[in-house]
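Trainee: So that we are looking at the same thing, I have put the structure below in structure tokens.
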Amino acid sequence: MLQYKEICGALHLHTTFSDGGVDYPAMIKTAQVLNLDFIVVTDHMTLQGLQSGYEGFHDTLAVLCGYEHNDRNNRNHYLAMGVNRVFTDATEPQTYIDAVKGNGGIGFLAHPAEKRNYMAAFPAYPWTTWEIDRFDGIEIWNQFSDWVEQLRTWKSVIRLCFPRRFIKRAPQELLKKWDELNVSRYVSGVGGVDAHTMTYKKGLFTFKVFPIKVELKGIRTHLYIPENQTDNDFDNYKKTILNSLKNGHSFISNFRRGDASGSVFTLVTKNGTMYPPGNFVYDSPPVALQVSIPKTAEIRLIIDNIVVKTACAREASFDSIASGVYRIEVHRKDSVWMYSNPFRIFKV
Ligand SMILES: [Zn+2]
Ligand SMILES: [Zn+2]
């Protein structure tokens with residue numbers, strides 16, 4: 001890709017400032033060991049991380065502190081990023097969506113499609129109020145949800161010992177909704193970890209199901225940022241990260257299925273200019289949608305939640321792209337490896 005470079009990070013993390021299992025220093029250290037470029041911590045209804053001075057560069061890792069807002073029934077969780085206060089008075093989803101935007105921040109509906117009801121310890125926290133607008137995007141794939149939605153009992157030893165093996169895909173009905181929303185305006189998608197470093201206790205026996213190092217080796221969000229973006233000014237770098245998240249210049253991967261770094265999802269125009277996923281307005285139609293991934297997998301072109309073309313390859317070029325909303329899924333065996341953000345392509 002000509003004008004963009006890729007950075008990779010993890011979103012939707014909880015620390016001991018809310019109900020997470022590790023504190024900021026441990027979270028930061030782990031993200032550094034795993035070579036992530038950025039993390040976005042979103043503790044429940046608190047910006048204590050920001051107030052404690054954790055936001056900023058920690059060596060080459062950019063740490064952003066947002067928070068997760070919920071309504072009075074603990075539904076409609078919203079990942080707020082780039083804000084400088086918690087809107088404790090806002091109890092209706094549209095009110096906090098607007099408050100976040102008014103503060104210069106961006107927001108994503110968190111784990112909207114949860115519906116599990118097998119275990120009292122893990123109730124579902126779905127998004128229930130859909131008469132809303134002006135949110136920036138949706139967390140289409142939530143690592144913790146994907147794993148726990150299948151958990152019927154604590155006796156699922158294999159699920160507890162090898163949690164990442166059971167992270168499979170985003171909920172199909174949510175992808176359908178996402179595609180529908182994108183017909184009328186751009187709605188970006190992110191993948192979230194929802195890291196809590198969950199501990200299972202039974203008598204004297206204590207077991208960490210998802211140590212933080214395991215959690216951060218799962219669902220990641222990769223951003224395309226301008227190639228000339230430097231990292232000597234944090235505020236500027238942060239703005240760039242939030243901008244890419246909001247505009248969908250990104251894709252989501254599950255690291256368990258392979259390191260997706262270096263993958264390219266790009267729209268190519270007649271004069272050879274390449275564009276990342278996001279909104280694209282044209283006066284002459286683009287030539288192709290091209291995909292390049294680090295190892296062979298099944299690349300699917302999706303329109304309106306329908307697979308229209310597939311290629312089992314490392315590289316694919318889908319030609320004759322007309323107006324519409326396209327996205328790419330990359331599958332390995334029975335699991336999803338990557339979701340690109342939509343290419344929303346329309347004539348001027
Ligand atoms: Zn939540
Ligand atoms: Zn959460």
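So you can find residues: chains in the structure tokens are A, B, ... in the order shown, residues in each start at 1, and ligands are numbered from 1 in order.
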Once you count only C-alpha atoms and all ligand atoms, which residues end up within 8 Å of ligand 2, and could you hand them over as a ChimeraX atom specification?
Mentor: /A:12-14,42-44,68,77,110,194-196
Trainee: As a PyMOL selection string, please: the residues near Thr197 in chain A (cut-off 6 Å, only C-alpha atoms, same-chain neighbours under 3 positions excluded).
Mentor: chain A and resi 21+210-212
Trainee: For ligand 1, collect every residue having any atom at a distance of at most 12 Å from a ligand atom (counting only C-alpha atoms and all ligand atoms); output as a VMD selection string.
Mentor: chain A and resid 12 to 14 18 to 20 42 to 45 67 to 71 74 to 80 108 to 114 122 to 127 139 142 to 145 192 to 196
Trainee: May I ask which of the residues A:Ala26, A:Ala99, A:Leu242, A:Val281 is the closest one to Cys65 in chain A, counting only C-alpha atoms?
Mentor: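 Nearest to Cys65 in chain A: A:Leu242.
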Trainee: Restricting the calculation to only C-alpha atoms, which member of A:Gly324, A:Gly137, A:Pro342, A:Gly107 is positioned closest to Tyr282 in chain A?
Mentor: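 Using only C-alpha atoms, Tyr282 in chain A sits closest to A:Gly324.
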Trainee: Select, from A:Ser340, A:Tyr24, A:Leu160, A:Val291, the residue with the minimum atom-to-atom distance to His222 in chain A, counting only C-alpha atoms.
Mentor: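 Of all the options, A:Ser340 lies closest to His222 in chain A.
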